[in-house]
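Q: Next comes the structure file final-v8.cif, holding mmCIF, C-alpha atoms and all ligand atoms.
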```
data_work
loop_
_atom_site.label_atom_id
_atom_site.label_comp_id
_atom_site.auth_asym_id
_atom_site.auth_seq_id
_atom_site.Cartn_x
_atom_site.Cartn_y
_atom_site.Cartn_z
CA MET A 1 -272.62 -49.48 81.71
CA ALA A 2 -272.78 -47.86 78.25
CA PRO A 3 -269.42 -46.51 77.05
CA SER A 4 -269.16 -42.70 77.37
CA PRO A 5 -269.05 -40.69 74.18
CA CYS A 6 -266.10 -38.41 73.46
CA SER A 7 -266.67 -35.06 75.15
CA LEU A 8 -265.35 -33.22 72.09
CA CYS A 9 -266.87 -34.90 69.00
CA HIS A 10 -269.78 -36.53 70.91
CA THR A 11 -269.83 -39.41 68.41
CA ALA A 12 -266.86 -41.74 68.90
CA ARG A 13 -266.32 -43.67 72.10
CA ALA A 14 -264.10 -41.97 74.70
CA LEU A 15 -260.93 -44.00 75.19
CA VAL A 16 -258.68 -41.55 76.99
CA LYS A 17 -259.01 -39.35 80.06
CA ARG A 18 -256.83 -36.31 79.33
CA PRO A 19 -254.36 -35.92 82.22
CA LYS A 20 -254.30 -32.15 81.65
CA THR A 21 -258.03 -31.45 81.77
CA GLY A 22 -259.74 -34.65 82.88
CA GLN A 23 -261.84 -34.60 79.68
CA GLN A 24 -262.84 -38.01 78.31
CA VAL A 25 -261.99 -38.07 74.62
CA CYS A 26 -261.62 -40.43 71.69
CA LYS A 27 -258.17 -41.13 70.25
CA SER A 28 -258.63 -38.98 67.21
CA CYS A 29 -259.82 -35.96 69.26
CA PHE A 30 -256.90 -36.51 71.63
CA TYR A 31 -254.42 -36.28 68.73
CA SER A 32 -256.20 -33.26 67.37
CA VAL A 33 -256.37 -31.35 70.66
CA PHE A 34 -252.75 -32.19 71.55
CA GLU A 35 -251.44 -31.07 68.16
CA THR A 36 -253.61 -27.94 68.15
CA GLU A 37 -252.38 -26.87 71.57
CA VAL A 38 -248.76 -27.19 70.40
CA HIS A 39 -249.65 -25.21 67.26
CA ASN A 40 -251.21 -22.51 69.47
CA THR A 41 -248.07 -22.32 71.63
CA ILE A 42 -245.95 -21.96 68.49
CA THR A 43 -248.08 -19.32 66.81
CA GLU A 44 -249.27 -17.21 69.74
CA GLY A 45 -248.42 -13.54 69.47
CA GLN A 46 -245.66 -13.01 66.92
CA GLY A 47 -245.03 -16.76 66.79
CA ILE A 48 -241.69 -18.42 67.43
CA PHE A 49 -240.81 -19.31 63.82
CA HIS A 50 -240.54 -17.44 60.57
CA ARG A 51 -240.82 -18.85 57.07
CA GLY A 52 -237.64 -20.26 55.64
CA GLU A 53 -236.09 -20.69 59.07
CA LYS A 54 -233.63 -23.57 59.57
CA VAL A 55 -234.63 -25.26 62.80
CA ALA A 56 -232.70 -27.97 64.65
CA ILE A 57 -234.70 -30.34 66.87
CA GLY A 58 -232.52 -31.40 69.81
CA ALA A 59 -233.01 -35.15 69.41
CA SER A 60 -232.06 -37.48 72.24
CA GLY A 61 -234.18 -40.44 71.13
CA GLY A 62 -236.34 -40.08 74.28
CA LYS A 63 -240.12 -39.66 74.26
CA ASP A 64 -240.21 -35.85 74.37
CA SER A 65 -237.87 -35.11 71.50
CA THR A 66 -239.26 -37.98 69.43
CA VAL A 67 -242.82 -36.70 69.80
CA LEU A 68 -241.52 -33.18 69.09
CA ALA A 69 -239.90 -34.35 65.84
CA HIS A 70 -243.12 -36.12 64.85
CA VAL A 71 -245.48 -33.24 65.74
CA LEU A 72 -243.28 -30.50 64.26
CA THR A 73 -242.93 -32.40 60.98
CA LEU A 74 -246.70 -32.82 60.90
CA LEU A 75 -247.57 -29.20 61.82
CA ASN A 76 -244.97 -27.84 59.40
CA GLN A 77 -246.86 -29.61 56.61
CA ARG A 78 -250.39 -29.04 57.93
CA TYR A 79 -250.02 -25.30 58.52
CA ASP A 80 -247.28 -24.67 55.98
CA TYR A 81 -244.86 -23.04 58.45
CA GLY A 82 -242.18 -23.21 55.75
CA LEU A 83 -239.50 -24.58 58.11
CA ASP A 84 -236.38 -26.44 57.15
CA LEU A 85 -236.16 -29.06 59.92
CA TYR A 86 -233.08 -30.96 61.10
CA LEU A 87 -232.35 -33.46 63.85
CA LEU A 88 -229.37 -32.56 66.02
CA SER A 89 -228.06 -35.13 68.50
CA ILE A 90 -225.32 -34.80 71.04
CA ASP A 91 -223.44 -37.96 71.89
CA GLU A 92 -222.28 -37.51 75.47
CA GLY A 93 -220.33 -40.76 75.38
CA ILE A 94 -222.37 -42.80 77.86
CA THR A 95 -221.94 -46.47 77.05
CA GLY A 96 -225.12 -48.51 77.34
CA TYR A 97 -227.32 -45.40 77.26
CA ARG A 98 -226.61 -42.80 74.61
CA ASP A 99 -225.21 -45.24 72.08
CA ASP A 100 -228.53 -47.13 72.23
CA SER A 101 -230.72 -44.01 72.13
CA LEU A 102 -228.78 -42.69 69.13
CA GLU A 103 -229.81 -45.81 67.24
CA THR A 104 -233.41 -44.72 67.88
CA VAL A 105 -232.65 -41.24 66.53
CA LYS A 106 -231.19 -42.83 63.39
CA GLN A 107 -234.48 -44.69 62.94
CA ASN A 108 -236.38 -41.42 63.43
CA GLN A 109 -234.20 -39.84 60.77
CA VAL A 110 -235.50 -42.38 58.28
CA GLU A 111 -239.12 -42.29 59.53
CA TYR A 112 -239.41 -38.49 59.36
CA GLY A 113 -237.06 -37.99 56.44
CA LEU A 114 -235.06 -35.33 58.30
CA PRO A 115 -231.31 -34.76 58.01
CA LEU A 116 -229.43 -35.78 61.16
CA LYS A 117 -226.23 -34.39 62.64
CA ILE A 118 -224.51 -36.10 65.57
CA LEU A 119 -221.83 -34.23 67.49
CA SER A 120 -219.94 -35.91 70.31
CA TYR A 121 -218.39 -34.58 73.51
CA ASN A 122 -215.30 -36.55 72.58
CA GLU A 123 -214.98 -34.69 69.27
CA LEU A 124 -215.62 -31.32 70.87
CA TYR A 125 -214.05 -31.53 74.31
CA GLY A 126 -211.80 -34.60 74.05
CA TRP A 127 -213.74 -36.21 76.91
CA THR A 128 -216.65 -38.64 77.09
CA MET A 129 -219.04 -38.65 80.06
CA ASP A 130 -217.81 -42.16 80.89
CA ARG A 131 -214.29 -40.75 81.39
CA ILE A 132 -215.55 -37.66 83.20
CA VAL A 133 -217.48 -39.82 85.67
CA GLU A 134 -214.37 -41.93 86.16
CA GLN A 135 -212.51 -38.78 87.16
CA VAL A 136 -215.09 -36.69 89.07
CA GLY A 137 -217.37 -39.41 90.43
CA ARG A 138 -221.14 -39.72 90.09
CA LYS A 139 -222.19 -36.97 92.44
CA ASN A 140 -221.55 -33.89 90.32
CA ASN A 141 -221.35 -35.30 86.84
CA CYS A 142 -224.72 -33.78 85.79
CA THR A 143 -223.17 -30.31 86.03
CA PHE A 144 -220.53 -31.23 83.43
CA CYS A 145 -223.10 -32.89 81.21
CA GLY A 146 -225.55 -29.98 81.35
CA VAL A 147 -222.92 -27.31 80.60
CA PHE A 148 -221.27 -29.35 77.85
CA ARG A 149 -224.60 -30.28 76.21
CA ARG A 150 -225.86 -26.72 76.09
CA GLN A 151 -222.73 -25.57 74.32
CA ALA A 152 -222.56 -28.65 72.10
CA LEU A 153 -226.10 -28.01 70.82
CA ASP A 154 -225.17 -24.43 69.94
CA ARG A 155 -221.98 -25.55 68.24
CA GLY A 156 -223.74 -28.32 66.30
CA ALA A 157 -226.39 -25.83 65.16
CA ALA A 158 -223.71 -23.31 64.17
CA GLN A 159 -221.95 -25.97 62.10
CA LEU A 160 -225.22 -26.60 60.25
CA GLY A 161 -225.77 -22.87 59.71
CA ILE A 162 -228.86 -23.08 61.92
CA ASP A 163 -230.10 -20.21 64.03
CA HIS A 164 -232.95 -21.79 65.99
CA ILE A 165 -232.90 -24.85 68.26
CA VAL A 166 -236.05 -26.44 69.68
CA THR A 167 -236.01 -28.88 72.58
CA GLY A 168 -238.57 -31.28 74.03
CA HIS A 169 -238.75 -29.64 77.47
CA ASN A 170 -242.33 -30.22 78.62
CA ALA A 171 -244.71 -28.62 81.15
CA ASP A 172 -243.52 -30.95 83.93
CA ASP A 173 -239.88 -29.95 83.26
CA MET A 174 -240.89 -26.27 83.36
CA ALA A 175 -242.81 -26.62 86.65
CA GLU A 176 -239.91 -28.55 88.21
CA THR A 177 -237.58 -25.74 87.18
CA VAL A 178 -239.83 -23.17 88.88
CA LEU A 179 -239.81 -25.20 92.10
CA MET A 180 -236.05 -25.76 91.99
CA ASN A 181 -235.27 -22.10 91.40
CA ILE A 182 -237.59 -21.02 94.20
CA MET A 183 -236.00 -23.53 96.56
CA ARG A 184 -232.58 -22.16 95.60
CA GLY A 185 -233.75 -18.55 95.82
CA ASP A 186 -232.60 -18.00 92.24
CA ILE A 187 -235.36 -15.76 90.94
CA ALA A 188 -233.12 -14.25 88.23
CA ARG A 189 -232.70 -17.66 86.62
CA LEU A 190 -236.39 -18.40 87.12
CA GLY A 191 -237.42 -15.50 84.88
CA ARG A 192 -235.06 -16.58 82.10
CA SER A 193 -235.98 -20.25 82.25
CA MET A 194 -239.71 -19.61 81.88
CA ALA A 195 -239.45 -17.97 78.46
CA LEU A 196 -240.90 -19.89 75.52
CA THR A 197 -238.08 -18.53 73.40
CA THR A 198 -234.74 -17.17 74.54
CA GLN A 199 -232.37 -15.22 72.42
CA SER A 200 -229.81 -12.54 73.00
CA GLU A 201 -227.54 -10.92 70.44
CA ASP A 202 -224.80 -13.51 70.72
CA THR A 203 -226.73 -16.71 71.25
CA ILE A 204 -228.63 -19.09 69.04
CA LYS A 205 -232.38 -18.81 69.48
CA ARG A 206 -233.92 -21.59 71.64
CA SER A 207 -237.56 -22.54 71.99
CA LYS A 208 -239.62 -25.06 73.91
CA PRO A 209 -242.77 -25.81 71.88
CA PHE A 210 -243.91 -28.36 74.53
CA LYS A 211 -243.78 -25.78 77.31
CA TYR A 212 -247.47 -26.37 78.11
CA ALA A 213 -247.67 -30.07 77.10
CA TYR A 214 -248.04 -32.49 80.01
CA GLU A 215 -245.51 -35.31 80.16
CA LYS A 216 -248.30 -37.86 80.62
CA GLU A 217 -249.97 -36.66 77.40
CA ILE A 218 -246.68 -36.82 75.50
CA VAL A 219 -246.25 -40.43 76.64
CA MET A 220 -249.88 -41.23 75.67
CA TYR A 221 -249.40 -39.63 72.27
CA ALA A 222 -246.19 -41.62 71.63
CA TYR A 223 -247.86 -44.81 72.82
CA PHE A 224 -251.05 -44.53 70.74
CA LYS A 225 -249.14 -43.42 67.64
CA LYS A 226 -246.64 -46.25 68.19
CA LEU A 227 -243.69 -43.91 67.79
CA THR A 228 -240.18 -45.32 68.03
CA TYR A 229 -238.47 -43.97 71.12
CA PHE A 230 -235.92 -44.97 73.74
CA SER A 231 -237.24 -45.09 77.29
CA THR A 232 -234.31 -45.80 79.62
CA GLU A 233 -233.11 -43.23 82.16
CA CYS A 234 -229.50 -42.05 82.11
CA ILE A 235 -227.29 -44.59 83.87
CA TYR A 236 -225.41 -41.92 85.81
CA ALA A 237 -227.25 -40.67 88.86
CA PRO A 238 -229.83 -38.19 87.58
CA ASP A 239 -229.79 -34.72 89.11
CA ALA A 240 -230.87 -35.60 92.66
CA TYR A 241 -232.20 -32.14 93.43
CA ARG A 242 -234.46 -32.16 90.37
CA GLY A 243 -235.56 -35.65 91.43
CA HIS A 244 -236.97 -34.26 94.69
CA ALA A 245 -238.80 -31.49 92.82
CA ARG A 246 -240.20 -34.12 90.43
CA VAL A 247 -241.56 -36.33 93.22
CA PHE A 248 -243.14 -33.30 94.90
CA LEU A 249 -244.71 -32.18 91.62
CA LYS A 250 -246.10 -35.64 90.88
CA ASP A 251 -247.74 -35.67 94.34
CA LEU A 252 -249.30 -32.28 93.65
CA GLU A 253 -250.47 -33.39 90.21
CA ALA A 254 -252.17 -36.44 91.71
CA ILE A 255 -254.21 -34.17 93.99
CA ARG A 256 -254.83 -31.40 91.45
CA PRO A 257 -253.74 -31.92 87.82
CA SER A 258 -253.81 -28.19 87.05
CA ALA A 259 -250.96 -27.70 89.57
CA ILE A 260 -248.42 -28.08 86.75
CA ILE A 261 -249.85 -25.28 84.62
CA ASP A 262 -250.54 -23.14 87.69
CA ILE A 263 -246.88 -23.39 88.79
CA ILE A 264 -245.70 -22.42 85.28
CA HIS A 265 -248.02 -19.41 85.29
CA SER A 266 -246.71 -18.40 88.72
CA GLY A 267 -243.15 -18.66 87.40
CA GLU A 268 -244.05 -16.49 84.41
CA THR A 269 -245.35 -13.70 86.61
CA PHE A 270 -242.12 -13.23 88.59
CA VAL A 271 -240.58 -9.97 87.45
CA LEU A 272 -237.07 -8.96 88.40
CA GLU A 273 -236.81 -5.59 90.10
CA GLN A 274 -234.61 -3.02 88.37
CA SER A 275 -232.15 -2.97 91.28
CA VAL A 276 -231.68 -6.76 90.99
CA GLN A 277 -231.32 -6.57 87.23
CA LYS A 278 -228.57 -3.98 87.60
CA GLY A 279 -226.63 -6.42 89.82
CA LEU A 280 -226.58 -9.13 87.13
CA LYS A 281 -223.31 -9.68 85.31
CA GLU A 282 -222.93 -8.34 81.77
CA MET A 283 -222.50 -11.02 79.12
CA GLN A 284 -219.24 -11.16 77.17
CA THR A 285 -217.45 -13.74 75.08
CA CYS A 286 -215.12 -16.36 76.51
CA LEU A 287 -211.49 -15.28 76.15
CA ARG A 288 -210.50 -18.77 75.17
CA CYS A 289 -213.21 -20.13 72.89
CA GLY A 290 -215.41 -17.17 71.98
CA TYR A 291 -218.63 -18.65 73.41
CA ILE A 292 -221.06 -16.37 75.28
CA SER A 293 -220.11 -16.11 78.96
CA SER A 294 -220.62 -14.02 82.06
CA ASN A 295 -216.96 -14.59 83.07
CA ASP A 296 -213.60 -14.38 81.30
CA LEU A 297 -213.83 -18.10 80.73
CA CYS A 298 -217.11 -19.78 79.83
CA LYS A 299 -218.33 -22.58 82.08
CA ALA A 300 -217.33 -25.29 79.59
CA CYS A 301 -213.74 -23.98 79.28
CA ALA A 302 -213.45 -23.67 83.06
CA LEU A 303 -214.76 -27.20 83.59
CA LEU A 304 -212.52 -28.55 80.85
CA GLU A 305 -209.53 -26.85 82.41
CA GLY A 306 -210.32 -28.59 85.71
CA LEU A 307 -210.62 -31.95 83.97
CA GLU A 308 -207.39 -31.46 82.05
CA ALA A 309 -205.61 -30.48 85.24
CA GLY A 310 -206.72 -33.79 86.71
CA LEU A 311 -208.91 -32.16 89.34
CA ASP A 312 -211.93 -33.93 90.69
CA ARG A 313 -214.76 -32.12 92.44
CA SER A 314 -212.86 -28.87 92.81
CA ALA A 315 -213.09 -28.62 89.04
CA LEU A 316 -216.65 -27.53 89.68
CA LYS A 317 -215.47 -24.16 90.95
CA GLN A 318 -216.11 -22.80 87.53
CA GLY A 319 -215.68 -19.30 86.30
CA GLN A 320 -212.83 -18.55 88.67
CA SER A 321 -210.02 -18.88 86.21
CA THR A 322 -209.24 -15.74 84.26
CA LEU A 323 -206.54 -17.31 82.16
CA SER A 324 -206.71 -16.65 78.48
CA VAL A 325 -203.43 -18.55 78.20
CA VAL A 326 -203.91 -22.30 77.97
CA PRO A 327 -201.74 -24.37 80.31
CA GLU A 328 -199.30 -26.46 78.31
CA GLY A 329 -200.55 -29.81 77.07
CA HIS A 330 -204.21 -29.02 77.87
CA ARG A 331 -206.90 -29.60 75.29
CA ILE A 332 -209.16 -26.67 74.49
CA ILE A 333 -212.52 -26.20 72.82
CA PRO A 334 -212.37 -24.92 69.22
CA ARG A 335 -213.40 -21.30 68.69
CA PHE A 336 -217.13 -20.75 68.47
CA GLU A 337 -218.22 -19.31 65.13
CA ARG A 338 -221.86 -18.32 64.95
CA PRO A 339 -223.73 -18.32 61.65
CA VAL A 340 -224.65 -14.80 60.64
CA PRO A 341 -228.43 -14.68 61.16
CA ILE A 342 -230.32 -13.91 57.99
CA ALA A 343 -233.12 -11.48 58.74
CA VAL A 344 -235.64 -13.25 56.54
CA GLU A 345 -238.56 -11.21 57.84
CA GLY A 346 -236.62 -8.02 57.15
CA ILE A 347 -235.87 -9.19 53.61
CA GLU A 348 -239.52 -10.13 53.06
CA ARG A 349 -240.65 -6.72 54.29
CA ALA A 350 -238.15 -4.97 52.04
CA VAL A 351 -239.29 -7.00 49.03
CA GLN A 352 -242.95 -6.32 49.84
CA SER A 353 -242.31 -2.59 50.13
CA LEU A 354 -240.82 -2.62 46.60
CA ALA A 355 -243.79 -4.48 45.13
CA LEU A 356 -246.25 -2.41 43.16
N1 LIG A 401 -228.12 -35.78 73.81
C1 LIG A 401 -228.99 -34.91 73.37
N2 LIG A 401 -228.94 -34.51 72.07
C2 LIG A 401 -229.81 -33.60 71.60
N3 LIG A 401 -230.79 -33.03 72.34
C3 LIG A 401 -230.89 -33.40 73.62
C4 LIG A 401 -230.00 -34.35 74.21
N4 LIG A 401 -230.37 -34.52 75.50
C5 LIG A 401 -231.41 -33.71 75.72
N5 LIG A 401 -231.74 -33.04 74.60
C6 LIG A 401 -232.84 -32.08 74.40
O1 LIG A 401 -233.20 -31.52 75.66
C7 LIG A 401 -234.57 -31.89 75.99
C8 LIG A 401 -234.72 -32.14 77.47
O2 LIG A 401 -233.75 -33.07 77.86
P1 LIG A 401 -233.90 -34.00 79.14
O3 LIG A 401 -232.56 -34.48 79.47
O4 LIG A 401 -234.73 -33.31 80.14
O5 LIG A 401 -234.58 -35.27 78.52
P2 LIG A 401 -236.01 -35.87 78.61
O6 LIG A 401 -236.96 -35.08 79.44
O7 LIG A 401 -235.83 -37.31 78.91
O8 LIG A 401 -236.41 -35.68 77.08
P3 LIG A 401 -236.40 -36.77 75.99
O9 LIG A 401 -237.58 -37.60 76.35
O10 LIG A 401 -236.53 -36.07 74.68
O11 LIG A 401 -235.07 -37.50 76.15
C9 LIG A 401 -234.83 -33.12 75.13
O12 LIG A 401 -236.21 -33.29 74.88
C10 LIG A 401 -234.06 -32.82 73.86
O13 LIG A 401 -234.77 -31.93 73.01
#
```
For the structure just supplied, provide its representation as structure tokens.
Ligand SMILES: Nc1ncnc2c1ncn2[C@@H]1O[C@H](COP(=O)(O)OP(=O)(O)OP(=O)(O)O)[C@@H](O)[C@H]1O

A:
Amino acid sequence: MAPSPCSLCHTARALVKRPKTGQQVCKSCFYSVFETEVHNTITEGQGIFHRGEKVAIGASGGKDSTVLAHVLTLLNQRYDYGLDLYLLSIDEGITGYRDDSLETVKQNQVEYGLPLKILSYNELYGWTMDRIVEQVGRKNNCTFCGVFRRQALDRGAAQLGIDHIVTGHNADDMAETVLMNIMRGDIARLGRSMALTTQSEDTIKRSKPFKYAYEKEIVMYAYFKKLTYFSTECIYAPDAYRGHARVFLKDLEAIRPSAIIDIIHSGETFVLEQSVQKGLKEMQTCLRCGYISSNDLCKACALLEGLEAGLDRSALKQGQSTLSVVPEGHRIIPRFERPVPIAVEGIERAVQSLAL
């Protein structure tokens, strides 16, 4: 049987069946269409970046963030976004996992010529995940890791004077999140987690440029381009609940590949009723460390307090402590200082208005 021609350029031989659309394409058209779709996500509407912005790529050494570092570096040059890119890695202190993946990030630093900052849980919280798991067991450790990582990324970015973090969350991650939030009945969180970019007054801007990129295509892209990435799963039990959502989603994708995008679009159309919005807690800053929080203590301070007190699973009852006074001998998280955002667009507009 004669080889099929690429359904986009109609000249080269098709080598890939796109998981997202089923189109048979050649390698070069696959790269082009993948990169263009990410560019479209980034630039749609007002766009997520502005010229001169300092952007930290959350770099774990895994496939998603490695491809993100590669594609953002490329698009920044191709379309002249004018971004100042950095790699920001959080070392959770997981022996035999994160130490190895950080070696990959260090290689990426050289390959892409981007400055790299590594910030560890040990430095910030005085605890590694290895020690946390020793104390709280494997069952709930993902909660600690998730809360601590979120804050560590913000703190690392703040130390670099960066006001925008991008992560490699992909379309599969987004669809899983929709399913998980529906199964939990947490529609308020669903709305927030579907945004391409999130920012409130007191937080560092976060974006997910791979929001619509299929995991399978990210893997294909990394494979064909021979990118250096680390492919082992975390050694501590991954979030079991997400695991169920993932298996369910993969089954749906096998039957109908568009299920992933369809679920994301469904998630995007949920709108919170006014009455529900009114019931949501106002955000404030943590009395102890100054980080954004919906309680007197932020989740990280509450979890840390539990760890320091030698609690195990009960330490998960976060947000219940209202103490601004630190119990004696307990370690605390340093105060969170945010960089003052520079309104570059505002400055540009002001300069333009002065021009003759
Ligand atoms: N230790 C870390 N340091 C910096 N960023 C991280 C770290 N862990 C996760 N991230 C960011 O959060 C995104 C989603 O993380 P998740 O744990 O879901 O990993 P993943 O889906 O395996 O992604 P990756 O393939 O990039 O590891 C990553 O793509 C990355 O941008």

Q: Is there a way to get, as a PDB file with C-alpha atoms, in the frame of the given file, all residues within 7 Å of the point (-221.6, -31.9, 76.1) in file coordinates, counting all atoms listed in the file?

A:
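The result, stored in result-v4.pdb:
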```pdb
ATOM      1  CA  ILE A  90    -225.320 -34.800  71.040  1.00  0.00           C
ATOM      2  CA  GLU A  92    -222.280 -37.510  75.470  1.00  0.00           C
ATOM      3  CA  TYR A 121    -218.390 -34.580  73.510  1.00  0.00           C
ATOM      4  CA  CYS A 145    -223.100 -32.890  81.210  1.00  0.00           C
ATOM      5  CA  GLY A 146    -225.550 -29.980  81.350  1.00  0.00           C
ATOM      6  CA  VAL A 147    -222.920 -27.310  80.600  1.00  0.00           C
ATOM      7  CA  PHE A 148    -221.270 -29.350  77.850  1.00  0.00           C
ATOM      8  CA  ARG A 149    -224.600 -30.280  76.210  1.00  0.00           C
ATOM      9  CA  ARG A 150    -225.860 -26.720  76.090  1.00  0.00           C
ATOM     10  CA  GLN A 151    -222.730 -25.570  74.320  1.00  0.00           C
ATOM     11  CA  ALA A 152    -222.560 -28.650  72.100  1.00  0.00           C
TER      12      ALA A 152
END
```

Q: As a quick test: using all atoms listed in the file, which residues lie no more than 9 Å away from ligand LIG 401 (chain A)? Give them as an MDAnalysis selection string.

A: chainID A and resid 57:68 87:92 98 101:102 118:120 146 149:150 152:153 165:170 172:173 208 215 229:234

Q: Using all atoms listed in the file, pick whichever of A:Arg338, A:Lys250, A:Lys216, A:Lys20 has the shortest atom-to-atom distance to Glu37 (chain A).

A: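 Using all atoms listed in the file, Glu37 (chain A) sits closest to A:Lys20.
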
Q: Give me the residues near Glu111 (chain A) as a list in words, where near means some atom within 12 Å (using all atoms listed in the file) and where sequence neighbours in that chain fewer than 2 positions away do not count.

A: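 Using all atoms listed in the file, the neighbours found are Thr66, Ala69, His70, Thr73, Leu87, Thr104, Val105, Lys106, Gln107, Asn108, Gln109, Gly113, Leu114, Pro115, Leu116, Leu227, Thr228 and Tyr229 of chain A.
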
Q: In Å, how far is it from CA of Tyr236 (chain A) to CA of Arg189 (chain A)?

A: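 Separation of CA of Tyr236 (chain A) and CA of Arg189 (chain A): 25.3 Å.
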
Q: Taking 3 positions as the minimum chain separation for residues in the same chain, which residues sit within 10 Å of Ile132 (chain A) when counting all atoms listed in the file? Answer as a PDB file with C-alpha atoms, keeping the file's coordinate frame.

A:
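Just written: part_5.pdb:
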```pdb
ATOM      1  CA  GLY A  93    -220.330 -40.760  75.380  1.00  0.00           C
ATOM      2  CA  TRP A 127    -213.740 -36.210  76.910  1.00  0.00           C
ATOM      3  CA  THR A 128    -216.650 -38.640  77.090  1.00  0.00           C
ATOM      4  CA  MET A 129    -219.040 -38.650  80.060  1.00  0.00           C
ATOM      5  CA  GLN A 135    -212.510 -38.780  87.160  1.00  0.00           C
ATOM      6  CA  VAL A 136    -215.090 -36.690  89.070  1.00  0.00           C
ATOM      7  CA  GLY A 137    -217.370 -39.410  90.430  1.00  0.00           C
ATOM      8  CA  ARG A 138    -221.140 -39.720  90.090  1.00  0.00           C
ATOM      9  CA  ASN A 141    -221.350 -35.300  86.840  1.00  0.00           C
ATOM     10  CA  PHE A 144    -220.530 -31.230  83.430  1.00  0.00           C
ATOM     11  CA  CYS A 145    -223.100 -32.890  81.210  1.00  0.00           C
ATOM     12  CA  LEU A 304    -212.520 -28.550  80.850  1.00  0.00           C
ATOM     13  CA  LEU A 307    -210.620 -31.950  83.970  1.00  0.00           C
ATOM     14  CA  ASP A 312    -211.930 -33.930  90.690  1.00  0.00           C
TER      15      ASP A 312
END
```

Q: Which value, in Å to one decimal, gives the distance between CA of Ser294 (chain A) and CA of Thr203 (chain A)?

A: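 CA of Ser294 (chain A) sits 12.7 Å away from CA of Thr203 (chain A).
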
Q: With distances taken over only C-alpha atoms, which of A:Cys286, A:Leu179, A:Leu85, A:Ile333 is nearest to Leu249 (chain A)?

A: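 Closest to Leu249 (chain A) of all the choices is A:Leu179.
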
Q: Taking into account all atoms listed in the file, which residue in the set A:Thr285, A:Arg192, A:Gly126, A:Asp154 is nearest to Glu308 (chain A)?

A: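 When distances to Glu308 (chain A) are compared using all atoms listed in the file, the smallest one comes from A:Gly126.
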
Q: One decimal, in Å: what's the spacing between CA of Glu35 (chain A) and CA of Leu74 (chain A)?

A: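 Spanning CA of Glu35 (chain A) to CA of Leu74 (chain A) is a straight-line distance of 8.8 Å.
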
Q: Under the rule that all atoms listed in the file are counted, which of A:Met283, A:Ile48, A:Ala240, A:Ala309 is the nearest residue to Glu328 (chain A)?

A: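 Checking each of A:Met283, A:Ile48, A:Ala240, A:Ala309 against Glu328 (chain A), counting all atoms listed in the file, the winner is A:Ala309.
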
Q: Of the residues A:Asn122, A:Ser200, A:Gln159, A:Ser32, which is the one nearest to Arg335 (chain A), using only C-alpha atoms?

A: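 Result for the nearest residue to Arg335 (chain A): A:Gln159.
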
Q: I want to know what sits within 9 Å of Gly52 (chain A), based on only C-alpha atoms, with residues of the same chain fewer than 2 positions away left out; could you give that as a ChimeraX atom specification?

A: /A:49-50,54,81-84,344

Q: Could the residues in this selection be saved with C-alpha atoms as an mmCIF file, in the coordinates of the input?

A:
```cif
data_model
loop_
_atom_site.group_PDB
_atom_site.id
_atom_site.type_symbol
_atom_site.label_atom_id
_atom_site.label_comp_id
_atom_site.auth_asym_id
_atom_site.auth_seq_id
_atom_site.Cartn_x
_atom_site.Cartn_y
_atom_site.Cartn_z
ATOM 1 C CA PHE A 49 -240.810 -19.310 63.820
ATOM 2 C CA HIS A 50 -240.540 -17.440 60.570
ATOM 3 C CA LYS A 54 -233.630 -23.570 59.570
ATOM 4 C CA TYR A 81 -244.860 -23.040 58.450
ATOM 5 C CA GLY A 82 -242.180 -23.210 55.750
ATOM 6 C CA LEU A 83 -239.500 -24.580 58.110
ATOM 7 C CA ASP A 84 -236.380 -26.440 57.150
ATOM 8 C CA VAL A 344 -235.640 -13.250 56.540
#
```

Q: I need the residue nearest Arg51 (chain A) from this list: A:Tyr241, A:Ile332, A:Thr36, A:Asp80. Use all atoms listed in the file for the distance.

A: A:Asp80

Q: Report as a PyMOL selection string all protein, DNA and RNA residues lying within 6 Å of Cys6 (chain A), evaluated on only C-alpha atoms, omitting residues in the same chain fewer than 4 positions from it.

A: chain A and resi 10+12-14+24-26

Q: Using all atoms of region 335-338 of chain A that appear in the file, construct an axis-aligned enclosing box with 4 Å of padding on every side and provide its centre coordinates and edge lengths in Å, rounded to one decimal, as JSON.

A:
```
{"center_x": -217.6, "center_y": -19.8, "center_z": 66.8, "size_x": 16.5, "size_y": 11.0, "size_z": 11.7}
```
